[in-house]
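> Structure file protein.txt, compact mmCIF, N, CA and C atoms and all ligand atoms, is pasted below:
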# COMPACT_ATOMS: atom_id res chain seq x y z
N MET R 1 83.14 122.81 62.64
CA MET R 1 83.84 123.67 63.60
C MET R 1 84.18 122.87 64.85
N ALA R 2 85.43 122.99 65.27
CA ALA R 2 85.85 122.28 66.47
C ALA R 2 85.18 122.90 67.70
N GLU R 3 84.83 122.04 68.66
CA GLU R 3 84.22 122.56 69.88
C GLU R 3 85.28 123.25 70.73
N GLU R 4 84.90 124.35 71.36
CA GLU R 4 85.83 125.07 72.22
C GLU R 4 86.14 124.21 73.44
N PRO R 5 87.43 123.95 73.70
CA PRO R 5 87.75 123.15 74.88
C PRO R 5 87.37 123.86 76.18
N CYS R 6 87.03 123.06 77.18
CA CYS R 6 86.63 123.61 78.48
C CYS R 6 87.73 124.52 79.04
N GLN R 7 87.33 125.65 79.62
CA GLN R 7 88.32 126.60 80.13
C GLN R 7 88.28 126.74 81.65
N CYS R 8 87.70 125.76 82.35
CA CYS R 8 87.70 125.84 83.82
C CYS R 8 89.14 125.75 84.33
N SER R 9 89.37 126.13 85.57
CA SER R 9 90.75 126.24 86.06
C SER R 9 91.45 124.88 86.07
N ASP R 10 90.71 123.79 86.37
CA ASP R 10 91.32 122.46 86.34
C ASP R 10 91.81 122.11 84.94
N CYS R 11 90.95 122.34 83.96
CA CYS R 11 91.31 122.02 82.57
C CYS R 11 92.46 122.89 82.10
N GLN R 12 92.43 124.18 82.47
CA GLN R 12 93.52 125.07 82.05
C GLN R 12 94.85 124.62 82.63
N ARG R 13 94.80 124.17 83.90
CA ARG R 13 96.02 123.66 84.52
C ARG R 13 96.52 122.41 83.78
N PHE R 14 95.54 121.58 83.38
CA PHE R 14 95.89 120.36 82.63
C PHE R 14 96.52 120.71 81.28
N TYR R 15 95.91 121.65 80.52
CA TYR R 15 96.46 122.02 79.21
C TYR R 15 97.90 122.52 79.36
N LYS R 16 98.08 123.35 80.40
CA LYS R 16 99.39 123.95 80.64
C LYS R 16 100.44 122.87 80.94
N GLU R 17 100.06 121.92 81.80
CA GLU R 17 100.96 120.84 82.18
C GLU R 17 101.22 119.92 80.98
N HIS R 18 100.16 119.62 80.25
CA HIS R 18 100.25 118.79 79.05
C HIS R 18 101.25 119.39 78.05
N ASP R 19 101.11 120.69 77.77
CA ASP R 19 102.01 121.36 76.83
C ASP R 19 103.43 121.42 77.37
N ARG R 20 103.55 121.66 78.68
CA ARG R 20 104.88 121.74 79.28
C ARG R 20 105.62 120.41 79.12
N LEU R 21 104.91 119.29 79.33
CA LEU R 21 105.54 117.97 79.23
C LEU R 21 105.97 117.66 77.80
N ILE R 22 105.23 118.19 76.81
CA ILE R 22 105.65 118.02 75.41
C ILE R 22 106.85 118.90 75.12
N ARG R 23 106.79 120.16 75.62
CA ARG R 23 107.86 121.13 75.36
C ARG R 23 109.18 120.69 76.00
N GLU R 24 109.11 120.21 77.24
CA GLU R 24 110.33 119.88 77.97
C GLU R 24 110.84 118.46 77.70
N PHE R 25 109.97 117.61 77.15
CA PHE R 25 110.38 116.22 76.83
C PHE R 25 109.95 115.89 75.41
N PRO R 26 110.60 116.55 74.42
CA PRO R 26 110.09 116.50 73.05
C PRO R 26 110.50 115.27 72.24
N THR R 27 111.24 114.32 72.83
CA THR R 27 111.61 113.14 72.03
C THR R 27 110.91 111.89 72.57
N PHE R 28 110.89 110.86 71.71
CA PHE R 28 110.28 109.58 72.10
C PHE R 28 110.97 109.03 73.34
N LYS R 29 112.33 109.09 73.32
CA LYS R 29 113.11 108.56 74.44
C LYS R 29 112.82 109.32 75.73
N GLU R 30 112.74 110.63 75.65
CA GLU R 30 112.46 111.42 76.85
C GLU R 30 111.06 111.14 77.40
N GLN R 31 110.09 110.94 76.49
CA GLN R 31 108.74 110.60 76.93
C GLN R 31 108.72 109.22 77.61
N GLN R 32 109.48 108.28 77.03
CA GLN R 32 109.59 106.95 77.66
C GLN R 32 110.10 107.08 79.09
N GLU R 33 111.20 107.83 79.23
CA GLU R 33 111.84 107.95 80.55
C GLU R 33 110.95 108.70 81.53
N LEU R 34 110.32 109.76 81.05
CA LEU R 34 109.43 110.56 81.89
C LEU R 34 108.29 109.70 82.45
N ASN R 35 107.65 108.94 81.54
CA ASN R 35 106.49 108.15 81.97
C ASN R 35 106.89 106.98 82.86
N TRP R 36 108.04 106.41 82.57
CA TRP R 36 108.55 105.33 83.42
C TRP R 36 108.82 105.86 84.82
N ALA R 37 109.51 107.01 84.90
CA ALA R 37 109.84 107.60 86.20
C ALA R 37 108.55 107.99 86.95
N SER R 38 107.57 108.47 86.21
CA SER R 38 106.32 108.90 86.81
C SER R 38 105.56 107.71 87.43
N ILE R 39 105.48 106.58 86.70
CA ILE R 39 104.84 105.36 87.22
C ILE R 39 105.60 104.86 88.45
N GLN R 40 106.94 104.84 88.34
CA GLN R 40 107.75 104.32 89.44
C GLN R 40 107.65 105.16 90.70
N SER R 41 107.64 106.48 90.54
CA SER R 41 107.57 107.34 91.72
C SER R 41 106.20 107.20 92.39
N PHE R 42 105.14 107.08 91.58
CA PHE R 42 103.80 106.88 92.10
C PHE R 42 103.75 105.56 92.90
N ARG R 43 104.32 104.49 92.32
CA ARG R 43 104.34 103.19 92.99
C ARG R 43 105.15 103.22 94.28
N THR R 44 106.31 103.85 94.23
CA THR R 44 107.17 103.93 95.41
C THR R 44 106.43 104.60 96.56
N LEU R 45 105.80 105.73 96.25
CA LEU R 45 105.10 106.49 97.28
C LEU R 45 103.90 105.72 97.84
N CYS R 46 103.09 105.12 96.95
CA CYS R 46 101.92 104.34 97.39
C CYS R 46 102.35 103.15 98.25
N THR R 47 103.41 102.46 97.83
CA THR R 47 103.89 101.29 98.57
C THR R 47 104.37 101.69 99.95
N LYS R 48 105.12 102.79 100.01
CA LYS R 48 105.67 103.27 101.28
C LYS R 48 104.54 103.65 102.25
N VAL R 49 103.52 104.34 101.74
CA VAL R 49 102.39 104.75 102.59
C VAL R 49 101.61 103.51 103.04
N THR R 50 101.43 102.54 102.14
CA THR R 50 100.75 101.29 102.49
C THR R 50 101.47 100.58 103.63
N ASP R 51 102.80 100.44 103.50
CA ASP R 51 103.60 99.80 104.54
C ASP R 51 103.45 100.50 105.88
N GLU R 52 103.51 101.82 105.83
CA GLU R 52 103.42 102.63 107.03
C GLU R 52 102.05 102.47 107.71
N LEU R 53 100.97 102.47 106.91
CA LEU R 53 99.62 102.32 107.45
C LEU R 53 99.43 100.93 108.05
N GLN R 54 99.98 99.90 107.37
CA GLN R 54 99.88 98.53 107.88
C GLN R 54 100.60 98.40 109.22
N ARG R 55 101.78 99.01 109.28
CA ARG R 55 102.58 98.98 110.50
C ARG R 55 101.81 99.64 111.65
N GLU R 56 101.21 100.79 111.32
CA GLU R 56 100.47 101.54 112.33
C GLU R 56 99.26 100.75 112.83
N LEU R 57 98.56 100.09 111.89
CA LEU R 57 97.37 99.32 112.24
C LEU R 57 97.72 98.12 113.13
N SER R 58 98.79 97.41 112.79
CA SER R 58 99.17 96.23 113.59
C SER R 58 99.72 96.65 114.95
N GLU R 59 100.34 97.81 115.00
CA GLU R 59 100.82 98.35 116.26
C GLU R 59 99.64 98.64 117.19
N ARG R 60 98.56 99.19 116.63
CA ARG R 60 97.36 99.49 117.42
C ARG R 60 96.72 98.20 117.93
N GLU R 61 96.70 97.15 117.06
CA GLU R 61 96.07 95.89 117.44
C GLU R 61 96.80 95.22 118.59
N SER R 62 98.13 95.33 118.57
CA SER R 62 98.91 94.66 119.61
C SER R 62 99.08 95.54 120.86
N ASN R 63 98.59 96.76 120.77
CA ASN R 63 98.80 97.71 121.86
C ASN R 63 97.52 98.50 122.13
N ASP R 64 96.60 97.86 122.89
CA ASP R 64 95.27 98.44 123.10
C ASP R 64 95.28 99.74 123.89
N ASP R 65 96.25 99.87 124.80
CA ASP R 65 96.24 101.05 125.65
C ASP R 65 96.97 102.26 125.04
N ILE R 66 97.09 102.24 123.71
CA ILE R 66 97.74 103.36 123.02
C ILE R 66 96.94 104.65 123.28
N ASN R 67 97.66 105.71 123.45
CA ASN R 67 97.02 107.00 123.74
C ASN R 67 96.03 107.37 122.62
N ARG R 68 94.77 107.49 122.99
CA ARG R 68 93.72 107.77 122.00
C ARG R 68 93.95 109.08 121.26
N GLU R 69 94.54 110.02 121.97
CA GLU R 69 94.75 111.33 121.35
C GLU R 69 95.79 111.28 120.23
N GLU R 70 96.60 110.22 120.26
CA GLU R 70 97.59 110.09 119.19
C GLU R 70 96.98 109.56 117.90
N LYS R 71 95.73 109.10 117.99
CA LYS R 71 95.07 108.56 116.81
C LYS R 71 94.47 109.68 115.95
N HIS R 72 95.30 110.29 115.12
CA HIS R 72 94.80 111.33 114.23
C HIS R 72 93.95 110.72 113.12
N ILE R 73 94.30 109.48 112.75
CA ILE R 73 93.55 108.78 111.70
C ILE R 73 92.82 107.61 112.35
N SER R 74 91.52 107.45 112.04
CA SER R 74 90.75 106.36 112.65
C SER R 74 91.13 105.02 112.03
N ASP R 75 90.88 103.93 112.78
CA ASP R 75 91.14 102.58 112.26
C ASP R 75 90.39 102.34 110.96
N PHE R 76 89.12 102.81 110.96
CA PHE R 76 88.30 102.62 109.76
C PHE R 76 88.92 103.31 108.55
N GLU R 77 89.39 104.55 108.79
CA GLU R 77 90.02 105.33 107.71
C GLU R 77 91.24 104.59 107.16
N ILE R 78 92.02 104.00 108.05
CA ILE R 78 93.22 103.27 107.62
C ILE R 78 92.83 102.03 106.83
N THR R 79 91.86 101.26 107.35
CA THR R 79 91.45 100.03 106.67
C THR R 79 90.92 100.33 105.27
N GLU R 80 90.12 101.39 105.18
CA GLU R 80 89.55 101.78 103.89
C GLU R 80 90.66 102.19 102.92
N ALA R 81 91.60 103.00 103.42
CA ALA R 81 92.70 103.46 102.58
C ALA R 81 93.56 102.30 102.11
N LEU R 82 93.77 101.30 103.00
CA LEU R 82 94.57 100.14 102.62
C LEU R 82 93.91 99.37 101.48
N ASP R 83 92.57 99.23 101.53
CA ASP R 83 91.83 98.58 100.44
C ASP R 83 92.04 99.32 99.13
N GLN R 84 91.87 100.66 99.20
CA GLN R 84 92.00 101.47 97.99
C GLN R 84 93.42 101.42 97.43
N LEU R 85 94.39 101.53 98.33
CA LEU R 85 95.79 101.54 97.87
C LEU R 85 96.19 100.18 97.30
N GLU R 86 95.58 99.12 97.82
CA GLU R 86 95.86 97.78 97.29
C GLU R 86 95.43 97.70 95.82
N SER R 87 94.23 98.26 95.52
CA SER R 87 93.76 98.30 94.13
C SER R 87 94.68 99.15 93.28
N VAL R 88 95.02 100.34 93.78
CA VAL R 88 95.89 101.25 93.02
C VAL R 88 97.22 100.57 92.72
N ASN R 89 97.79 99.90 93.71
CA ASN R 89 99.08 99.23 93.49
C ASN R 89 98.96 98.13 92.44
N ALA R 90 97.83 97.42 92.43
CA ALA R 90 97.62 96.38 91.41
C ALA R 90 97.52 97.02 90.02
N TYR R 91 96.79 98.14 89.91
CA TYR R 91 96.67 98.83 88.62
C TYR R 91 98.04 99.33 88.16
N LEU R 92 98.79 99.93 89.09
CA LEU R 92 100.10 100.47 88.74
C LEU R 92 101.04 99.36 88.28
N TYR R 93 100.89 98.19 88.90
CA TYR R 93 101.70 97.05 88.52
C TYR R 93 101.40 96.65 87.07
N SER R 94 100.10 96.66 86.70
CA SER R 94 99.70 96.35 85.32
C SER R 94 100.24 97.39 84.34
N ILE R 95 100.11 98.66 84.72
CA ILE R 95 100.60 99.74 83.85
C ILE R 95 102.11 99.59 83.66
N GLU R 96 102.79 99.23 84.75
CA GLU R 96 104.25 99.07 84.67
C GLU R 96 104.63 97.97 83.68
N ALA R 97 103.85 96.89 83.70
CA ALA R 97 104.14 95.78 82.77
C ALA R 97 103.98 96.26 81.32
N LEU R 98 102.97 97.08 81.06
CA LEU R 98 102.77 97.61 79.71
C LEU R 98 103.86 98.63 79.36
N MET R 99 104.21 99.46 80.33
CA MET R 99 105.25 100.47 80.11
C MET R 99 106.58 99.81 79.76
N GLU R 100 106.83 98.63 80.36
CA GLU R 100 108.06 97.90 80.07
C GLU R 100 108.14 97.56 78.60
N ARG R 101 106.99 97.17 78.02
CA ARG R 101 106.93 96.84 76.58
C ARG R 101 107.24 98.08 75.76
N ILE R 102 106.66 99.22 76.17
CA ILE R 102 106.90 100.48 75.45
C ILE R 102 108.37 100.89 75.59
N PHE R 103 108.90 100.64 76.78
CA PHE R 103 110.28 101.03 77.08
C PHE R 103 111.28 100.26 76.22
N ASP R 104 110.90 99.06 75.75
CA ASP R 104 111.78 98.24 74.92
C ASP R 104 111.96 98.79 73.51
N ILE R 105 111.04 99.67 73.09
CA ILE R 105 111.06 100.14 71.71
C ILE R 105 112.09 101.26 71.53
N LYS R 106 112.94 101.09 70.51
CA LYS R 106 113.95 102.11 70.20
C LYS R 106 113.57 102.77 68.88
N ILE R 107 113.90 104.05 68.78
CA ILE R 107 113.51 104.82 67.60
C ILE R 107 114.74 105.48 66.98
N SER R 108 114.81 105.52 65.66
CA SER R 108 116.00 106.07 64.99
C SER R 108 116.09 107.59 65.18
N ASN R 109 117.31 108.12 64.98
CA ASN R 109 117.52 109.57 65.14
C ASN R 109 116.66 110.40 64.20
N ASN R 110 116.46 109.90 62.98
CA ASN R 110 115.62 110.64 62.02
C ASN R 110 114.19 110.77 62.52
N ILE R 111 113.68 109.70 63.09
CA ILE R 111 112.30 109.75 63.61
C ILE R 111 112.26 110.63 64.86
N GLU R 112 113.33 110.57 65.67
CA GLU R 112 113.40 111.46 66.85
C GLU R 112 113.34 112.93 66.43
N SER R 113 113.99 113.27 65.30
CA SER R 113 113.92 114.64 64.80
C SER R 113 112.50 115.03 64.47
N LYS R 114 111.77 114.07 63.92
CA LYS R 114 110.35 114.31 63.60
C LYS R 114 109.57 114.60 64.89
N PHE R 115 109.86 113.83 65.93
CA PHE R 115 109.21 114.05 67.23
C PHE R 115 109.44 115.48 67.71
N LYS R 116 110.72 115.92 67.64
CA LYS R 116 111.07 117.27 68.09
C LYS R 116 110.34 118.33 67.28
N GLU R 117 110.28 118.10 65.97
CA GLU R 117 109.63 119.06 65.07
C GLU R 117 108.14 119.19 65.42
N ILE R 118 107.47 118.07 65.58
CA ILE R 118 106.03 118.09 65.89
C ILE R 118 105.79 118.66 67.28
N ALA R 119 106.70 118.35 68.24
CA ALA R 119 106.56 118.87 69.60
C ALA R 119 106.58 120.39 69.60
N LYS R 120 107.45 120.97 68.77
CA LYS R 120 107.53 122.44 68.66
C LYS R 120 106.22 123.03 68.16
N GLU R 121 105.57 122.32 67.22
CA GLU R 121 104.30 122.81 66.68
C GLU R 121 103.18 122.67 67.72
N LEU R 122 103.20 121.55 68.45
CA LEU R 122 102.13 121.27 69.41
C LEU R 122 102.20 122.16 70.64
N ALA R 123 103.43 122.38 71.12
CA ALA R 123 103.60 123.13 72.36
C ALA R 123 104.75 124.12 72.22
N PRO R 124 104.51 125.18 71.45
CA PRO R 124 105.59 126.15 71.28
C PRO R 124 105.92 126.86 72.58
N ASP R 125 107.06 127.51 72.60
CA ASP R 125 107.48 128.30 73.75
C ASP R 125 106.34 129.25 74.15
N PRO R 126 105.88 129.18 75.40
CA PRO R 126 104.73 130.01 75.80
C PRO R 126 105.05 131.50 75.76
N LEU R 127 106.33 131.85 75.76
CA LEU R 127 106.69 133.27 75.72
C LEU R 127 106.97 133.75 74.30
N ASN R 128 106.82 132.83 73.35
CA ASN R 128 106.97 133.16 71.93
C ASN R 128 105.90 134.19 71.53
N VAL R 129 106.30 135.24 70.77
CA VAL R 129 105.40 136.34 70.44
C VAL R 129 104.16 135.88 69.65
N ASP R 130 104.37 135.00 68.65
CA ASP R 130 103.24 134.51 67.86
C ASP R 130 102.21 133.82 68.73
N ARG R 131 102.73 133.03 69.67
CA ARG R 131 101.86 132.30 70.58
C ARG R 131 101.05 133.26 71.46
N LEU R 132 101.71 134.32 71.94
CA LEU R 132 101.02 135.30 72.79
C LEU R 132 99.91 136.00 72.02
N ILE R 133 100.19 136.37 70.76
CA ILE R 133 99.18 137.03 69.92
C ILE R 133 98.01 136.09 69.67
N LEU R 134 98.32 134.85 69.35
CA LEU R 134 97.28 133.85 69.07
C LEU R 134 96.41 133.64 70.31
N ASN R 135 97.05 133.54 71.48
CA ASN R 135 96.31 133.36 72.72
C ASN R 135 95.36 134.52 72.97
N ARG R 136 95.83 135.75 72.66
CA ARG R 136 95.00 136.93 72.86
C ARG R 136 93.78 136.86 71.93
N LEU R 137 93.98 136.46 70.69
CA LEU R 137 92.87 136.35 69.74
C LEU R 137 91.86 135.31 70.22
N PHE R 138 92.36 134.16 70.68
CA PHE R 138 91.48 133.12 71.19
C PHE R 138 90.67 133.65 72.36
N HIS R 139 91.36 134.40 73.21
CA HIS R 139 90.73 134.92 74.41
C HIS R 139 89.60 135.89 74.09
N GLN R 140 89.78 136.70 73.02
CA GLN R 140 88.76 137.68 72.65
C GLN R 140 87.55 137.04 72.00
N THR R 141 87.72 135.88 71.38
CA THR R 141 86.60 135.24 70.68
C THR R 141 86.45 133.80 71.16
N PRO R 142 86.06 133.64 72.42
CA PRO R 142 86.04 132.29 72.99
C PRO R 142 85.07 131.33 72.29
N ASP R 143 83.97 131.86 71.70
CA ASP R 143 82.99 130.97 71.09
C ASP R 143 83.37 130.55 69.68
N TYR R 144 83.99 131.47 68.94
CA TYR R 144 84.35 131.18 67.56
C TYR R 144 85.80 131.53 67.31
N PRO R 145 86.71 130.72 67.80
CA PRO R 145 88.13 131.04 67.69
C PRO R 145 88.62 131.20 66.25
N ASP R 146 87.91 130.61 65.27
CA ASP R 146 88.40 130.64 63.89
C ASP R 146 87.98 131.91 63.14
N LYS R 147 86.88 132.53 63.59
CA LYS R 147 86.24 133.56 62.76
C LYS R 147 87.06 134.82 62.53
N ASN R 148 87.73 135.34 63.56
CA ASN R 148 88.35 136.65 63.42
C ASN R 148 89.84 136.59 63.10
N ILE R 149 90.34 135.38 62.86
CA ILE R 149 91.76 135.27 62.52
C ILE R 149 91.87 135.19 61.00
N ASN R 150 92.50 136.20 60.38
CA ASN R 150 92.61 136.20 58.92
C ASN R 150 93.98 135.70 58.48
ZN ZN Y 1 87.11 121.84 82.59
Could you express the structure from this file as structure tokens?
Ligand SMILES: [Zn+2]


Amino acid sequence: MAEEPCQCSDCQRFYKEHDRLIREFPTFKEQQELNWASIQSFRTLCTKVTDELQRELSERESNDDINREEKHISDFEITEALDQLESVNAYLYSIEALMERIFDIKISNNIESKFKEIAKELAPDPLNVDRLILNRLFHQTPDYPDKNIN
């Protein structure tokens, strides 16, 4: 018997998002593009924040009489964040290099059809009647989802 997946609000949000990404991007090509865009947007944002924090820190160093009340973020907080973001940017750079390899792969139309077919099975339309009935059954028997479905 399969173990019942965790139903806490974080996990439920994850399942919902996971299914949505399969439903809305059901082909290999769309998944490639989605993940590439996701890595790039994460990198762009992290890099921009890093630049801004560095600028702010060097401005403070060269300008000691800066109004203390304008310091919403402490120097320590900035230095710590810069260390963390430096690691994140290095990881993202590695992921990007791997994603580039994945991005090079092309898939035939017949195989793309298979992707669409499986995506429909994995993440059907959430408003589909069968899905709603199935969800209700799962909800009524959280410990043994298999037992009462004939
Ligand atoms: Zn959970």

> What is the atom N of R:Ser113-atom CA of R:Pro126 distance in Å, reported with one decimal?

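It comes out at 21.8 Å.
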
> Taking all atoms listed in the file and a cut-off of 6 Å, can you tell me which residues surround ligand ZN 1 (chain Y), written as an MDAnalysis selection string?

chainID R and resid 6:12

> Between atom N of R:Leu85 and atom N of R:Ala37, what is the distance in Å, rounded to a tenth?

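The value is 21.0 Å.
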
> If we count all atoms listed in the file and set the cut-off at 8 Å, which residues sit around stretch 31-35 of chain R, ignoring sequence neighbours fewer than 4 positions away in its own chain? Please answer as a list in words.

Leu21, Glu24, Phe25, Pro26, Thr27, Ile39, Gln40, Ser41, Met99, Ile102 and Phe103 of chain R

> Can you tell me, as a list in words, what residues are no more than 12 Å from R:Arg55 when counting only C-alpha atoms, ignoring any on the same chain fewer than 6 positions away?

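Neighbouring residues, sequence-local ones excluded: Lys48, Val49, Glu61, Ser62, Ile78, Thr79 and Leu82 of chain R.
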
> Given only N, CA and C atoms as the basis, pick out the residue of R:Tyr15, R:Arg20, R:Phe28, R:Lys71 nearest to R:Ile107.

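Among R:Tyr15, R:Arg20, R:Phe28, R:Lys71, it is R:Phe28 that comes nearest to R:Ile107.
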
> To one decimal place, how far is atom CA of R:Val88 from atom CA of R:Ser58 in Å?

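According to the coordinates, atom CA of R:Val88 and atom CA of R:Ser58 are separated by 21.4 Å.
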
> Rank R:His72, R:Arg60, R:Lys29, R:Arg43 by their smallest atom-to-atom distance to R:Glu112, using only N, CA and C atoms, and report the top residue only.

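Of R:His72, R:Arg60, R:Lys29, R:Arg43, the one nearest R:Glu112, counting only N, CA and C atoms, is R:Lys29.
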
> Using DSSP on the backbone, list every residue of stretch 41-138 of chain R that comes out as alpha helix (DSSP H), and give them as an MDAnalysis selection string.

chainID R and resid 41:62 75:103 109:122 129:138
